[in-house]
file entry_0.txt (compact mmCIF, C-alpha atoms and all ligand atoms)
# COMPACT_ATOMS: atom_id res chain seq x y z
CA VAL A 1 89.98 109.93 80.88
CA ARG A 2 89.94 107.98 84.17
CA ILE A 3 91.51 104.66 83.23
CA GLY A 4 91.46 101.47 85.31
CA LEU A 5 93.86 98.60 84.64
CA LEU A 6 92.69 95.19 85.89
CA GLY A 7 95.83 93.23 86.73
CA GLY A 8 97.77 96.42 86.09
CA THR A 9 100.75 95.20 88.14
CA GLY A 10 102.09 93.00 85.29
CA PRO A 11 104.27 94.23 82.45
CA GLU A 12 101.39 95.05 80.06
CA GLY A 13 99.40 96.97 82.68
CA ARG A 14 102.48 98.80 83.94
CA GLY A 15 103.46 99.69 80.39
CA LEU A 16 100.03 101.14 79.70
CA ALA A 17 100.09 102.97 83.05
CA VAL A 18 103.39 104.59 82.09
CA ARG A 19 102.07 105.72 78.72
CA PHE A 20 98.63 106.88 79.86
CA ALA A 21 99.98 108.75 82.89
CA ARG A 22 102.56 110.45 80.70
CA ALA A 23 99.72 111.68 78.48
CA GLY A 24 97.92 113.12 81.52
CA HIS A 25 95.22 110.46 81.97
CA ASP A 26 94.13 109.62 85.49
CA VAL A 27 95.25 105.98 85.94
CA VAL A 28 94.26 103.46 88.62
CA ILE A 29 96.46 100.35 88.66
CA GLY A 30 94.36 97.40 89.80
CA SER A 31 95.48 94.22 91.52
CA ARG A 32 94.13 91.40 93.66
CA ASP A 33 96.27 92.95 96.40
CA ALA A 34 96.02 96.62 97.38
CA THR A 35 99.58 96.76 98.71
CA ARG A 36 101.02 95.38 95.47
CA ALA A 37 98.96 97.88 93.47
CA ALA A 38 100.19 100.77 95.62
CA GLY A 39 103.80 99.60 95.23
CA VAL A 40 103.55 99.42 91.45
CA ALA A 41 101.82 102.80 91.27
CA SER A 42 104.60 104.29 93.36
CA ALA A 43 107.27 102.70 91.12
CA VAL A 44 105.58 104.08 87.99
CA ARG A 45 105.42 107.54 89.60
CA ALA A 46 109.09 107.34 90.62
CA ALA A 47 110.16 106.31 87.12
CA SER A 48 108.29 109.16 85.49
CA THR A 49 110.67 112.02 84.84
CA ASP A 50 108.49 114.47 83.00
CA GLY A 51 105.50 115.21 85.16
CA GLY A 52 102.29 113.86 83.70
CA ALA A 53 99.57 112.41 85.92
CA SER A 54 100.30 110.31 89.01
CA PRO A 55 98.89 106.77 88.89
CA THR A 56 97.35 105.33 92.03
CA GLY A 57 96.85 101.72 93.07
CA ALA A 58 93.73 99.87 94.21
CA VAL A 59 92.18 96.44 94.29
CA ASN A 60 90.66 95.51 90.94
CA ARG A 61 87.13 96.20 92.19
CA ASP A 62 87.96 99.80 93.13
CA ALA A 63 89.99 100.33 89.95
CA ALA A 64 86.96 99.22 87.92
CA ALA A 65 84.54 101.29 89.99
CA ARG A 66 86.57 104.50 89.69
CA ALA A 67 87.37 104.20 85.99
CA GLU A 68 85.50 105.45 82.94
CA MET A 69 87.48 103.11 80.66
CA VAL A 70 88.85 99.77 81.88
CA PHE A 71 91.72 97.79 80.33
CA VAL A 72 91.82 94.07 81.08
CA THR A 73 95.48 93.12 81.50
CA VAL A 74 95.23 89.85 83.44
CA PRO A 75 96.34 86.54 81.89
CA TYR A 76 93.66 84.50 80.15
CA ALA A 77 93.74 81.96 83.00
CA GLY A 78 92.39 84.58 85.42
CA MET A 79 90.26 86.61 83.03
CA LEU A 80 86.79 85.13 83.51
CA THR A 81 87.07 84.82 87.30
CA THR A 82 88.21 88.43 87.50
CA LEU A 83 85.45 89.74 85.25
CA GLU A 84 82.61 87.68 86.69
CA ALA A 85 83.24 89.31 90.08
CA LEU A 86 83.04 92.82 88.63
CA GLY A 87 79.80 92.84 86.65
CA HIS A 88 78.33 95.67 88.71
CA GLU A 89 81.44 97.89 88.54
CA LEU A 90 81.91 97.39 84.78
CA ALA A 91 78.28 97.94 83.74
CA GLY A 92 77.99 100.52 80.97
CA LYS A 93 81.75 101.13 80.81
CA ILE A 94 84.08 100.75 77.87
CA CYS A 95 86.20 97.67 78.60
CA VAL A 96 89.26 96.92 76.50
CA CYS A 97 90.37 93.31 76.33
CA THR A 98 94.11 93.00 75.63
CA VAL A 99 94.14 89.29 76.46
CA ALA A 100 95.70 86.79 74.06
CA PRO A 101 94.91 83.23 75.22
CA ILE A 102 98.30 81.79 74.36
CA GLU A 103 100.17 78.74 75.59
CA MET A 104 103.65 77.53 74.70
CA VAL A 105 103.76 73.95 73.42
CA GLY A 106 107.03 72.44 72.21
CA GLY A 107 108.61 75.86 71.94
CA GLN A 108 105.75 77.21 69.81
CA ALA A 109 103.09 79.70 70.84
CA ARG A 110 99.57 78.59 70.06
CA LEU A 111 96.07 79.65 70.99
CA LYS A 112 94.33 77.89 73.82
CA PRO A 113 90.94 76.50 72.85
CA VAL A 114 88.48 79.34 73.49
CA ASP A 115 84.89 79.99 72.51
CA GLY A 116 85.52 82.31 69.55
CA SER A 117 88.03 84.56 71.27
CA ALA A 118 89.00 85.64 74.76
CA ALA A 119 87.40 89.01 74.01
CA GLU A 120 84.07 87.42 73.08
CA GLU A 121 84.21 85.28 76.22
CA ALA A 122 84.82 88.47 78.23
CA ALA A 123 81.87 90.15 76.51
CA ARG A 124 79.63 87.23 77.35
CA ALA A 125 80.83 87.28 80.98
CA VAL A 126 79.90 90.96 81.41
CA ARG A 127 77.22 91.72 78.84
CA SER A 128 76.47 95.15 80.28
CA ALA A 129 79.91 96.54 79.39
CA ARG A 130 80.89 98.01 76.01
CA TRP A 131 83.61 95.64 74.80
CA VAL A 132 86.54 96.47 72.60
CA ALA A 133 89.64 94.36 71.91
CA ALA A 134 93.02 95.99 71.25
CA LEU A 135 96.75 96.07 71.91
CA HIS A 136 97.40 92.33 71.46
CA THR A 137 100.57 92.77 69.42
CA VAL A 138 101.97 95.77 71.29
CA PRO A 139 104.76 94.38 73.50
CA ALA A 140 104.85 95.41 77.12
CA SER A 141 108.61 95.88 76.89
CA ASP A 142 108.06 98.65 74.32
CA LEU A 143 105.32 100.31 76.35
CA LEU A 144 107.56 100.31 79.40
CA ARG A 145 110.21 102.38 77.63
CA GLY A 146 108.02 105.42 78.17
CA GLU A 147 110.34 107.97 76.61
CA GLU A 148 110.68 106.12 73.30
CA PRO A 149 107.96 106.47 70.69
CA LEU A 150 106.51 103.20 69.46
CA ALA A 151 106.55 102.33 65.77
CA THR A 152 103.61 100.02 65.36
CA ASP A 153 99.88 99.68 64.72
CA THR A 154 97.17 98.14 66.82
CA LEU A 155 93.95 96.83 65.34
CA VAL A 156 90.94 97.77 67.45
CA CYS A 157 87.67 95.85 67.20
CA GLY A 158 84.32 95.86 68.96
CA ASP A 159 80.62 95.86 68.16
CA ASP A 160 79.97 99.34 69.60
CA ALA A 161 81.31 101.85 67.07
CA ALA A 162 81.31 104.74 69.56
CA ALA A 163 83.30 102.65 72.05
CA ARG A 164 85.82 101.73 69.32
CA THR A 165 86.21 105.41 68.47
CA ALA A 166 86.70 106.34 72.14
CA VAL A 167 89.42 103.69 72.52
CA LEU A 168 91.13 104.82 69.29
CA GLU A 169 91.13 108.38 70.68
CA VAL A 170 92.70 107.31 73.97
CA LEU A 171 95.34 105.13 72.26
CA ALA A 172 96.27 108.09 70.04
CA CYS A 173 97.95 109.60 73.13
CA ILE A 174 100.75 107.02 72.83
CA PRO A 175 103.39 108.42 70.48
CA GLY A 176 104.07 106.21 67.48
CA LEU A 177 101.11 103.90 68.05
CA ARG A 178 98.51 103.99 65.32
CA GLY A 179 95.12 102.49 66.03
CA VAL A 180 93.33 100.94 63.07
CA ASP A 181 89.59 100.33 63.22
CA ALA A 182 89.09 96.61 62.67
CA GLY A 183 85.32 96.35 62.86
CA SER A 184 83.33 93.88 64.92
CA LEU A 185 84.38 91.99 68.03
CA ALA A 186 84.22 88.74 66.04
CA ASN A 187 87.57 89.83 64.53
CA ALA A 188 89.26 89.60 67.94
CA ARG A 189 90.04 85.90 67.30
CA TYR A 190 92.30 86.90 64.42
CA LEU A 191 94.09 89.52 66.51
CA GLU A 192 94.62 87.00 69.31
CA GLY A 193 95.89 84.46 66.76
CA ALA A 194 98.18 87.05 65.19
CA THR A 195 99.83 87.41 68.58
CA ALA A 196 100.79 83.72 68.60
CA LEU A 197 102.06 84.04 65.03
CA LEU A 198 104.14 87.10 65.92
CA ILE A 199 105.70 85.34 68.91
CA ASN A 200 106.68 82.40 66.69
CA VAL A 201 108.09 84.66 63.96
CA ASN A 202 110.11 86.58 66.54
CA ARG A 203 111.49 83.36 68.00
CA LEU A 204 112.45 82.08 64.53
CA HIS A 205 114.20 85.32 63.56
CA ARG A 206 115.46 86.14 67.06
CA ALA A 207 113.75 89.45 66.45
CA HIS A 208 111.51 91.97 68.16
CA ALA A 209 109.20 92.65 65.23
CA SER A 210 105.66 93.96 65.53
CA LEU A 211 102.80 94.45 63.10
CA ARG A 212 101.86 97.29 60.78
CA VAL A 213 99.01 97.53 58.34
CA VAL A 214 99.91 99.19 55.05
CA GLY A 215 97.56 100.74 52.55
CA ILE A 216 95.20 102.36 55.07
N1 LIG B 1 103.19 91.06 78.00
C1 LIG B 1 102.95 91.54 76.78
O1 LIG B 1 103.87 91.92 76.04
C2 LIG B 1 101.52 91.65 76.31
C3 LIG B 1 101.24 92.31 75.11
C4 LIG B 1 99.91 92.43 74.69
C5 LIG B 1 98.89 91.88 75.45
N2 LIG B 1 99.20 91.23 76.60
C6 LIG B 1 98.13 90.64 77.40
O2 LIG B 1 98.07 91.34 78.61
C7 LIG B 1 97.73 90.45 79.67
C8 LIG B 1 98.74 90.63 80.79
O3 LIG B 1 100.01 90.31 80.33
P1 LIG B 1 101.23 90.38 81.37
O4 LIG B 1 102.42 89.90 80.65
O5 LIG B 1 101.25 91.72 82.02
O6 LIG B 1 100.73 89.23 82.39
P2 LIG B 1 101.11 88.81 83.88
O7 LIG B 1 102.28 89.59 84.36
O8 LIG B 1 101.22 87.32 83.90
O9 LIG B 1 99.78 89.19 84.69
C9 LIG B 1 99.37 90.51 84.91
C10 LIG B 1 98.77 90.63 86.30
O10 LIG B 1 97.57 89.86 86.35
C11 LIG B 1 97.34 89.44 87.69
N3 LIG B 1 97.06 88.00 87.67
C12 LIG B 1 97.92 86.98 87.42
N4 LIG B 1 97.28 85.80 87.46
C13 LIG B 1 95.99 86.09 87.78
C14 LIG B 1 94.83 85.29 87.99
N5 LIG B 1 94.85 83.96 87.88
N6 LIG B 1 93.67 85.93 88.29
C15 LIG B 1 93.61 87.27 88.40
N7 LIG B 1 94.68 88.07 88.22
C16 LIG B 1 95.84 87.49 87.91
C17 LIG B 1 98.62 89.73 88.47
O11 LIG B 1 98.36 90.88 89.25
P3 LIG B 1 98.10 90.79 90.84
O12 LIG B 1 98.84 89.58 91.34
O13 LIG B 1 98.68 92.08 91.31
O14 LIG B 1 96.63 90.70 90.99
C18 LIG B 1 99.64 90.07 87.40
O15 LIG B 1 100.59 91.03 87.83
C19 LIG B 1 97.71 89.03 79.08
O16 LIG B 1 96.39 88.60 78.91
C20 LIG B 1 98.40 89.18 77.75
O17 LIG B 1 97.89 88.32 76.75
C21 LIG B 1 100.49 91.11 77.06

call {"tool": "encode", "arguments": {"input": "entry_0.txt", "output": "structure tokens"}}
result
Amino acid sequence: VRIGLLGGTGPEGRGLAVRFARAGHDVVIGSRDATRAAGVASAVRAASTDGGASPTGAVNRDAAARAEMVFVTVPYAGMLTTLEALGHELAGKICVCTVAPIEMVGGQARLKPVDGSAAEEAARAVRSARWVAALHTVPASDLLRGEEPLATDTLVCGDDAAARTAVLEVLACIPGLRGVDAGSLANARYLEGATALLINVNRLHRAHASLRVVGI
């Protein structure tokens, strides 16, 4: 699959680039700055020891235009501005929102006030794309250790069942990551909230815990 990463120069985007390239997907790392994107793509290529595909870098617009599936890995603060400029490039494509709209207040993570969820705001900003939300509780630091299998689940939600299935299939390329179908996009608010909860639990226990669903 040709995968574009909007804001792919940050830890989450780089982590996904490492994993997807390792699995042989064609990855375009997007950025507001073409030089930064090229530098990160070159660093991901240099760090890859086992072949796989070679990520390239591009401005976000070109990353979106070239991709079949687009992952949104910008911070919430830049999400709507980024997406509103890319309506044409994203039309008809599967777009995966990884964004958790979190702020730290008094040492605690909490959700910023959003209209339902960041994912639903994204879907309203670009109505012509096929929106899915996923990966909220998968830490970038784990993704970046490309040789180590993960040991976690990610709940995947969206209103387009075929798009959810396509995203679950792509995520299955990451060893040790199990995707769990979580139904409609309205559930994204709980996944985004779970991210704040997980950050607070990890701070309390000085831990690096993640989430698993049992019984499915
Ligand atoms: N970090 C994690 O462990 C993790 C886990 C799950 C989900 N997520 C989600 O993934 C997203 C990215 O996380 P991150 O830690 O990688 O974030 P980050 O490093 O703060 O940002 C990622 C990239 O977004 C671009 N960016 C920054 N501010 C922007 C703005 N105002 N407008 C447009 N682009 C902007 C930057 O790329 P350029 O300067 O190159 O354009 C930056 O390298 C977040 O929404 C987060 O909730 C993160």

call {"tool": "residues_near_ligand", "arguments": {"input": "entry_0.txt", "ligand": "ligand LIG 1 (chain B)", "cutoff": "6 Å", "atoms": "only C-alpha atoms and all ligand atoms", "output": "JSON, numbers by chain"}}
result
{"A": [7, 8, 9, 10, 11, 12, 13, 31, 32, 33, 36, 73, 74, 75, 76, 77, 78, 82, 98, 99, 100, 135, 136, 137, 138, 139, 140]}

call {"tool": "closest_residue", "arguments": {"input": "entry_0.txt", "among": "A:Ala109, A:Leu191, A:Gly116, A:Ala166", "to": "Ala133 in chain A", "atoms": "all atoms listed in the file"}}
result
A:Leu191

call {"tool": "atom_distance", "arguments": {"input": "entry_0.txt", "atom1": "CA of Gly30 in chain A", "atom2": "CA of Phe71 in chain A"}}
result
9.8 Å

call {"tool": "closest_residue", "arguments": {"input": "entry_0.txt", "among": "A:Thr81, A:Gln108, A:Ser141, A:Asn187", "to": "Val126 in chain A", "atoms": "all atoms listed in the file"}}
result
A:Thr81

call {"tool": "residues_around", "arguments": {"input": "entry_0.txt", "residues": "Arg130 in chain A", "least_positions_apart": "2", "cutoff": "12 Å", "atoms": "only C-alpha atoms", "output": "NGL selection string"}}
result
:A and (68-71 or 87 or 90-97 or 119-120 or 122-128 or 132-133 or 157-167 or 185)

call {"tool": "residues_around", "arguments": {"input": "entry_0.txt", "residues": "Arg45 in chain A", "least_positions_apart": "3", "cutoff": "12 Å", "atoms": "all atoms listed in the file", "output": "PyMOL selection string"}}
result
chain A and resi 14+17-22+27-29+38-42+48-57+146

call {"tool": "atom_distance", "arguments": {"input": "entry_0.txt", "atom1": "CA of Ala207 in chain A", "atom2": "CA of Leu144 in chain A"}}
result
18.0 Å

call {"tool": "atom_distance", "arguments": {"input": "entry_0.txt", "atom1": "CA of Leu197 in chain A", "atom2": "CA of Val105 in chain A"}}
result
13.2 Å

call {"tool": "closest_residue", "arguments": {"input": "entry_0.txt", "among": "A:Leu16, A:Ala67, A:Ala194, A:Arg145", "to": "Ala47 in chain A", "atoms": "all atoms listed in the file"}}
result
A:Arg145

call {"tool": "closest_residue", "arguments": {"input": "entry_0.txt", "among": "A:Leu5, A:Ala129, A:Ala23, A:Ala186", "to": "Glu147 in chain A", "atoms": "all atoms listed in the file"}}
result
A:Ala23

call {"tool": "axis_aligned_box", "arguments": {"input": "entry_0.txt", "around": "range 172-175 of chain A", "padding_each_side": "8 Å", "output": "AutoDock Vina command-line options"}}
result
--center_x 99.8 --center_y 108.3 --center_z 71.6 --size_x 23.1 --size_y 18.6 --size_z 19.1

call {"tool": "residues_around", "arguments": {"input": "entry_0.txt", "residues": "Leu155 in chain A", "least_positions_apart": "3", "cutoff": "8 Å", "atoms": "all atoms listed in the file", "output": "list of chain:residue names"}}
result
A:Ala134, A:Leu135, A:Gly179, A:Val180, A:Asp181, A:Ala182, A:Leu191

call {"tool": "closest_residue", "arguments": {"input": "entry_0.txt", "among": "A:Pro101, A:Gly24, A:Gly107, A:Gly15", "to": "Arg203 in chain A", "atoms": "all atoms listed in the file"}}
result
A:Gly107

call {"tool": "residues_around", "arguments": {"input": "entry_0.txt", "residues": "Pro113 in chain A", "least_positions_apart": "3", "cutoff": "10 Å", "atoms": "all atoms listed in the file", "output": "list in words"}}
result
Pro101, Ile102, Glu103, Arg110, Gly116, Ser117 and Ala118 of chain A

call {"tool": "closest_residue", "arguments": {"input": "entry_0.txt", "among": "A:Gly4, A:Gly176, A:Pro149, A:Gly193", "to": "Leu111 in chain A", "atoms": "only C-alpha atoms"}}
result
A:Gly193
